[in-house]
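Novice: Got upload_39.cif for you, mmCIF, C-alpha atoms:
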```
data_query
loop_
_atom_site.label_atom_id
_atom_site.label_comp_id
_atom_site.auth_asym_id
_atom_site.auth_seq_id
_atom_site.Cartn_x
_atom_site.Cartn_y
_atom_site.Cartn_z
CA LEU A 1 4.98 13.00 12.67
CA ALA A 2 1.43 13.79 11.54
CA ARG A 3 -0.46 12.45 14.57
CA GLY A 4 1.90 14.06 17.10
CA LEU A 5 1.63 17.44 15.38
CA TRP A 6 -2.15 17.10 15.11
CA LYS A 7 -2.44 16.37 18.85
CA GLU A 8 -0.47 19.56 19.56
CA GLY A 9 -3.02 21.56 17.59
CA VAL A 10 -1.06 21.96 14.36
CA PRO A 11 -3.44 21.97 11.36
CA ILE A 12 -2.70 19.09 8.98
CA LEU A 13 -3.33 19.96 5.33
CA GLY A 14 -4.91 17.37 3.07
CA THR A 15 -5.47 13.78 4.20
CA GLN A 16 -6.02 13.63 7.96
CA PRO A 17 -4.02 11.52 10.48
CA ASP A 18 -6.91 9.12 11.13
CA ALA A 19 -6.83 8.13 7.44
CA ILE A 20 -3.09 7.40 7.73
CA ASP A 21 -3.86 5.08 10.65
CA ARG A 22 -6.73 3.37 8.80
CA ALA A 23 -4.44 2.67 5.86
CA GLU A 24 -1.41 1.58 7.92
CA ASP A 25 -3.10 -0.37 10.73
CA ARG A 26 -3.65 -3.92 9.47
CA GLU A 27 -6.87 -4.57 11.37
CA LEU A 28 -8.43 -1.22 10.48
CA PHE A 29 -7.49 -1.59 6.81
CA GLY A 30 -8.85 -5.15 6.77
CA ARG A 31 -12.24 -3.73 7.75
CA ILE A 32 -12.09 -1.30 4.81
CA VAL A 33 -11.25 -4.15 2.41
CA ASP A 34 -14.21 -6.18 3.72
CA LYS A 35 -16.57 -3.20 3.63
CA LEU A 36 -15.71 -2.40 -0.01
CA GLY A 37 -15.76 -6.07 -1.09
CA LEU A 38 -12.13 -6.09 -2.22
CA LYS A 39 -9.53 -8.89 -2.09
CA GLN A 40 -6.35 -9.01 -0.04
CA PRO A 41 -3.76 -11.77 0.45
CA ALA A 42 -4.27 -13.62 3.74
CA SER A 43 -2.47 -11.66 6.42
CA GLU A 44 -1.99 -11.32 10.17
CA ILE A 45 -0.19 -9.03 12.57
CA ALA A 46 2.15 -10.25 15.33
CA PHE A 47 3.60 -8.55 18.40
CA ASP A 48 6.03 -11.28 19.48
CA VAL A 49 8.01 -14.21 18.07
CA GLY A 50 5.50 -16.88 19.08
CA GLY A 51 2.61 -14.98 17.56
CA ALA A 52 4.51 -14.54 14.30
CA LEU A 53 5.28 -18.26 14.02
CA ASP A 54 1.67 -19.20 14.74
CA ALA A 55 0.46 -16.71 12.12
CA ALA A 56 2.79 -18.18 9.48
CA ARG A 57 1.46 -21.68 10.21
CA ARG A 58 -2.10 -20.49 9.65
CA ILE A 59 -1.32 -18.49 6.50
CA GLY A 60 1.08 -20.99 4.90
CA PHE A 61 4.46 -20.40 3.22
CA PRO A 62 5.81 -18.47 1.41
CA VAL A 63 5.13 -15.36 3.50
CA LEU A 64 6.13 -11.73 3.08
CA VAL A 65 7.23 -10.29 6.43
CA ARG A 66 7.94 -6.67 7.39
CA PRO A 67 7.70 -4.30 10.35
CA SER A 68 4.68 -1.98 10.37
CA TYR A 69 5.08 1.81 9.99
CA VAL A 70 8.42 1.41 8.14
CA LEU A 71 8.95 3.21 4.84
CA GLY A 72 10.81 2.09 1.73
CA GLY A 73 10.59 -1.68 2.21
CA ARG A 74 13.20 -1.68 4.98
CA SER A 75 13.60 -5.12 6.64
CA MET A 76 11.08 -6.74 4.27
CA GLU A 77 11.73 -10.38 3.30
CA ILE A 78 10.05 -13.27 1.52
CA ILE A 79 10.44 -16.37 3.68
CA TYR A 80 9.85 -20.03 2.80
CA ASP A 81 10.45 -21.94 6.08
CA MET A 82 9.92 -21.72 9.84
CA LYS A 83 13.60 -21.66 10.87
CA THR A 84 14.40 -18.67 8.66
CA LEU A 85 11.25 -16.92 9.84
CA GLU A 86 12.14 -17.29 13.51
CA ALA A 87 15.64 -15.85 12.99
CA PHE A 88 14.19 -12.95 10.99
CA ILE A 89 11.51 -12.12 13.58
CA VAL A 90 14.02 -12.09 16.45
CA ARG A 91 16.20 -9.67 14.45
CA VAL A 92 13.24 -7.38 13.58
CA PHE A 93 12.11 -7.02 17.20
CA LYS A 94 15.67 -6.07 18.17
CA LEU A 95 15.78 -3.43 15.40
CA PHE A 96 12.25 -2.10 16.00
CA PRO A 97 11.34 -2.68 19.67
CA GLY A 98 7.66 -2.15 20.39
CA ASN A 99 6.72 -2.36 16.71
CA ALA A 100 4.35 -4.91 15.21
CA VAL A 101 5.28 -7.31 12.39
CA LEU A 102 3.06 -7.76 9.33
CA ILE A 103 2.84 -11.26 7.86
CA ASP A 104 1.23 -11.72 4.43
CA ARG A 105 0.71 -14.68 2.17
CA PHE A 106 3.14 -14.09 -0.71
CA LEU A 107 1.57 -14.37 -4.17
CA GLU A 108 4.04 -16.12 -6.46
CA ASP A 109 4.02 -15.45 -10.23
CA ALA A 110 1.78 -12.38 -9.88
CA VAL A 111 2.05 -9.05 -11.72
CA GLU A 112 2.49 -6.06 -9.42
CA VAL A 113 0.86 -2.73 -10.22
CA ASP A 114 1.46 0.74 -8.77
CA VAL A 115 -1.21 3.44 -9.01
CA ASP A 116 -0.72 7.13 -8.32
CA ALA A 117 -3.90 9.15 -7.93
CA VAL A 118 -4.99 12.56 -6.63
CA SER A 119 -8.27 13.23 -4.83
CA ASP A 120 -10.01 16.34 -3.51
CA GLY A 121 -12.19 14.37 -1.09
CA CYS A 122 -15.00 13.97 -3.65
CA VAL A 123 -13.40 13.40 -7.06
CA THR A 124 -10.44 11.05 -7.60
CA VAL A 125 -8.33 11.21 -10.77
CA ILE A 126 -5.93 8.43 -11.73
CA GLY A 127 -2.50 9.83 -12.57
CA GLY A 128 -1.06 6.57 -13.86
CA ILE A 129 -1.37 2.79 -13.63
CA MET A 130 2.15 1.35 -13.78
CA GLU A 131 2.85 -2.29 -14.57
CA HIS A 132 5.97 -3.68 -12.91
CA ILE A 133 8.44 -5.52 -15.12
CA GLU A 134 9.65 -7.84 -12.34
CA GLU A 135 7.15 -10.18 -10.70
CA ALA A 136 5.42 -9.17 -7.47
CA GLY A 137 7.77 -9.31 -4.50
CA VAL A 138 10.55 -7.15 -5.91
CA HIS A 139 10.14 -3.91 -3.96
CA SER A 140 8.87 -0.96 -5.98
CA GLY A 141 12.02 0.98 -5.05
CA ASP A 142 14.15 -1.68 -6.78
CA SER A 143 11.95 -2.63 -9.72
CA ALA A 144 11.25 -1.18 -13.16
CA CYS A 145 7.78 -0.34 -14.38
CA VAL A 146 6.10 0.75 -17.59
CA LEU A 147 3.34 3.28 -18.21
CA PRO A 148 0.93 2.61 -19.81
CA SER A 149 0.53 -1.10 -19.00
CA VAL A 150 1.56 -3.57 -21.72
CA THR A 151 0.13 -6.97 -20.71
CA LEU A 152 -2.86 -6.22 -18.47
CA PRO A 153 -6.29 -6.44 -20.15
CA ALA A 154 -8.61 -3.43 -20.26
CA LYS A 155 -11.11 -5.00 -17.84
CA ILE A 156 -8.38 -5.40 -15.18
CA LEU A 157 -7.27 -1.78 -15.66
CA GLU A 158 -10.90 -0.65 -15.28
CA ARG A 159 -11.23 -2.63 -12.03
CA ILE A 160 -7.97 -1.11 -10.74
CA ALA A 161 -9.26 2.41 -11.45
CA GLU A 162 -12.64 1.63 -9.87
CA GLN A 163 -11.10 0.15 -6.70
CA THR A 164 -8.67 3.07 -6.41
CA ARG A 165 -11.58 5.52 -6.41
CA LEU A 166 -13.50 3.44 -3.85
CA ILE A 167 -10.51 3.36 -1.46
CA ALA A 168 -9.79 7.09 -1.87
CA GLY A 169 -13.42 7.88 -1.09
CA GLU A 170 -13.50 5.63 1.97
CA LEU A 171 -10.29 7.12 3.38
CA LYS A 172 -11.38 10.69 2.46
CA VAL A 173 -8.03 11.30 0.76
CA VAL A 174 -7.25 14.93 -0.03
CA GLY A 175 -4.04 15.10 -2.08
CA LEU A 176 -1.93 12.27 -3.45
CA MET A 177 -2.37 8.55 -2.83
CA ASN A 178 -0.41 5.48 -3.95
CA ILE A 179 -1.85 1.95 -4.09
CA GLN A 180 -0.01 -1.27 -4.89
CA TYR A 181 -2.00 -4.15 -6.36
CA ALA A 182 -1.17 -7.69 -7.47
CA VAL A 183 -2.85 -9.34 -10.45
CA LYS A 184 -2.91 -13.12 -10.52
CA GLY A 185 -5.04 -14.56 -13.32
CA GLU A 186 -8.50 -13.01 -13.01
CA ASP A 187 -7.95 -11.97 -9.39
CA LEU A 188 -7.01 -8.48 -8.24
CA TYR A 189 -5.52 -8.09 -4.77
CA VAL A 190 -4.89 -4.88 -2.81
CA LEU A 191 -1.38 -5.11 -1.36
CA GLU A 192 -0.88 -1.72 0.25
CA VAL A 193 -2.42 1.75 0.39
CA ASN A 194 -0.32 4.85 1.11
CA PRO A 195 -2.33 8.08 1.54
CA ARG A 196 0.67 10.21 0.53
CA ALA A 197 2.97 10.95 -2.39
CA SER A 198 5.05 8.07 -3.73
CA ARG A 199 8.52 8.05 -5.28
CA THR A 200 6.84 7.37 -8.63
CA VAL A 201 4.98 10.72 -8.77
CA PRO A 202 7.73 12.69 -10.61
CA PHE A 203 8.07 9.96 -13.25
CA VAL A 204 4.33 9.66 -13.79
CA SER A 205 4.06 13.45 -14.03
CA LYS A 206 6.68 13.56 -16.78
CA ALA A 207 5.05 10.66 -18.63
CA ILE A 208 1.54 12.16 -18.66
CA GLY A 209 2.52 15.84 -18.89
CA ARG A 210 0.64 16.86 -15.72
CA PRO A 211 2.32 18.24 -12.55
CA LEU A 212 0.71 15.89 -10.00
CA ALA A 213 2.56 17.31 -6.97
CA ARG A 214 1.47 20.86 -7.86
CA ILE A 215 -2.13 19.76 -8.46
CA ALA A 216 -2.17 17.84 -5.15
CA THR A 217 -0.80 20.88 -3.28
CA MET A 218 -3.55 23.09 -4.73
CA VAL A 219 -6.15 20.51 -3.65
CA MET A 220 -4.68 20.33 -0.13
CA LEU A 221 -5.01 24.14 0.08
CA GLY A 222 -8.74 23.94 -0.70
CA ARG A 223 -9.14 23.95 -4.50
CA THR A 224 -11.28 21.30 -6.20
CA LEU A 225 -10.15 19.17 -9.12
CA HIS A 226 -13.03 20.60 -11.18
CA GLU A 227 -11.64 24.12 -10.59
CA ILE A 228 -8.10 23.03 -11.47
#
```
If you took the structure in this file and wrote it as structure tokens, what would it be?

Specialist:
Amino acid sequence: LARGLWKEGVPILGTQPDAIDRAEDRELFGRIVDKLGLKQPASEIAFDVGGALDAARRIGFPVLVRPSYVLGGRSMEIIYDMKTLEAFIVRVFKLFPGNAVLIDRFLEDAVEVDVDAVSDGCVTVIGGIMEHIEEAGVHSGDSACVLPSVTLPAKILERIAEQTRLIAGELKVVGLMNIQYAVKGEDLYVLEVNPRASRTVPFVSKAIGRPLARIATMVMLGRTLHEI
């Protein structure tokens, strides 16, 4: 809704619609990842069945496939062979006509991490770094997580915090932001960036004793984190 409202002259509080597009559009976000020197699993975007099959051949199985601009992991699957992929892609284009399909290399045996942060456009504060109990690939809406992290080393947590601040600054986030990472050995991959509140915000707020949604609302109305 944000872009349509913005085009009609409605003021959008907090993070602006162009930042939503830069985070959601695969090509635009890929440029951000390259610019900041971050890592991302190999990925491509497809607009038809043939393009999706060609992309999977280049990336290699297993792949994680989902429609773009869809919330909550709807129609997301991990696929291990071409026949299953073709049937899935045909079904997705029927469900979401005119939408693109995102195809990512799926990282097996990786640890998934969720980060909730709040930014005022200059300063970014990490609300919580949550370590998923299930391996990467179980959607965050279906998985359990623990805060603080139990198995991740301090140097990885420092890199997660550093990269979160870099991304927030590049996107000019004002308000809440959620980032999902995958940790595999020494490597840290950015899976997804959502310049908005996540379902985890209420839980993180209770765990750390800070009302993140209230703080983010104050920031979106013009207060700075230093003032708050």

Novice: Can you spell out as an NGL selection string the set of residues that the PyMOL selection byres ((chain A and resi 135) around 12) selects in the structure I just provided?

Specialist: :A and (106-113 or 131-134 or 136-140 or 142-145 or 181-184)

Novice: Determine the residue set returned by the PyMOL selection byres ((chain A and resi 173) around 12) for the present structure, and present it as a PyMOL selection string.

Specialist: chain A and resi 13-20+22-23+117-125+164-172+174-178+193-197+216+219-220

Novice: If you take every atom of region 97-107 of chain A that the file lists and fit an axis-aligned box around them with 4 Å extra on each side, what centre and edge lengths come out in Å to one decimal, as AutoDock Vina command-line options?

Specialist:
```
--center_x 6.0 --center_y -8.4 --center_z 8.1 --size_x 18.6 --size_y 20.5 --size_z 32.6
```

Novice: Tell me, as a PDB file with C-alpha atoms, keeping the file's coordinate frame, which residues lie within 12 Å of Arg210 (chain A), counting all atoms listed in the file; anything in the same chain fewer than 3 positions away does not count.

Specialist:
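Result file result12.pdb:
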```pdb
ATOM      1  CA  ALA A 117      -3.900   9.150  -7.930  1.00  0.00           C
ATOM      2  CA  VAL A 118      -4.990  12.560  -6.630  1.00  0.00           C
ATOM      3  CA  VAL A 125      -8.330  11.210 -10.770  1.00  0.00           C
ATOM      4  CA  ILE A 126      -5.930   8.430 -11.730  1.00  0.00           C
ATOM      5  CA  GLY A 127      -2.500   9.830 -12.570  1.00  0.00           C
ATOM      6  CA  GLY A 128      -1.060   6.570 -13.860  1.00  0.00           C
ATOM      7  CA  VAL A 201       4.980  10.720  -8.770  1.00  0.00           C
ATOM      8  CA  PRO A 202       7.730  12.690 -10.610  1.00  0.00           C
ATOM      9  CA  PHE A 203       8.070   9.960 -13.250  1.00  0.00           C
ATOM     10  CA  VAL A 204       4.330   9.660 -13.790  1.00  0.00           C
ATOM     11  CA  SER A 205       4.060  13.450 -14.030  1.00  0.00           C
ATOM     12  CA  LYS A 206       6.680  13.560 -16.780  1.00  0.00           C
ATOM     13  CA  ALA A 207       5.050  10.660 -18.630  1.00  0.00           C
ATOM     14  CA  ALA A 213       2.560  17.310  -6.970  1.00  0.00           C
ATOM     15  CA  ARG A 214       1.470  20.860  -7.860  1.00  0.00           C
ATOM     16  CA  ILE A 215      -2.130  19.760  -8.460  1.00  0.00           C
ATOM     17  CA  ALA A 216      -2.170  17.840  -5.150  1.00  0.00           C
ATOM     18  CA  ILE A 228      -8.100  23.030 -11.470  1.00  0.00           C
TER      19      ILE A 228
END
```

Novice: Nearest to Met76 (chain A): which of A:Ile59, A:Leu5, A:Glu27, A:Val101 is it, counting all atoms listed in the file?

Specialist: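 Once distances to Met76 (chain A) are computed over all atoms listed in the file, the minimum belongs to A:Val101.
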
Novice: Between CA of Arg57 (chain A) and CA of Ala42 (chain A), measure the distance and give it in Å to one decimal.

Specialist: 11.8 Å
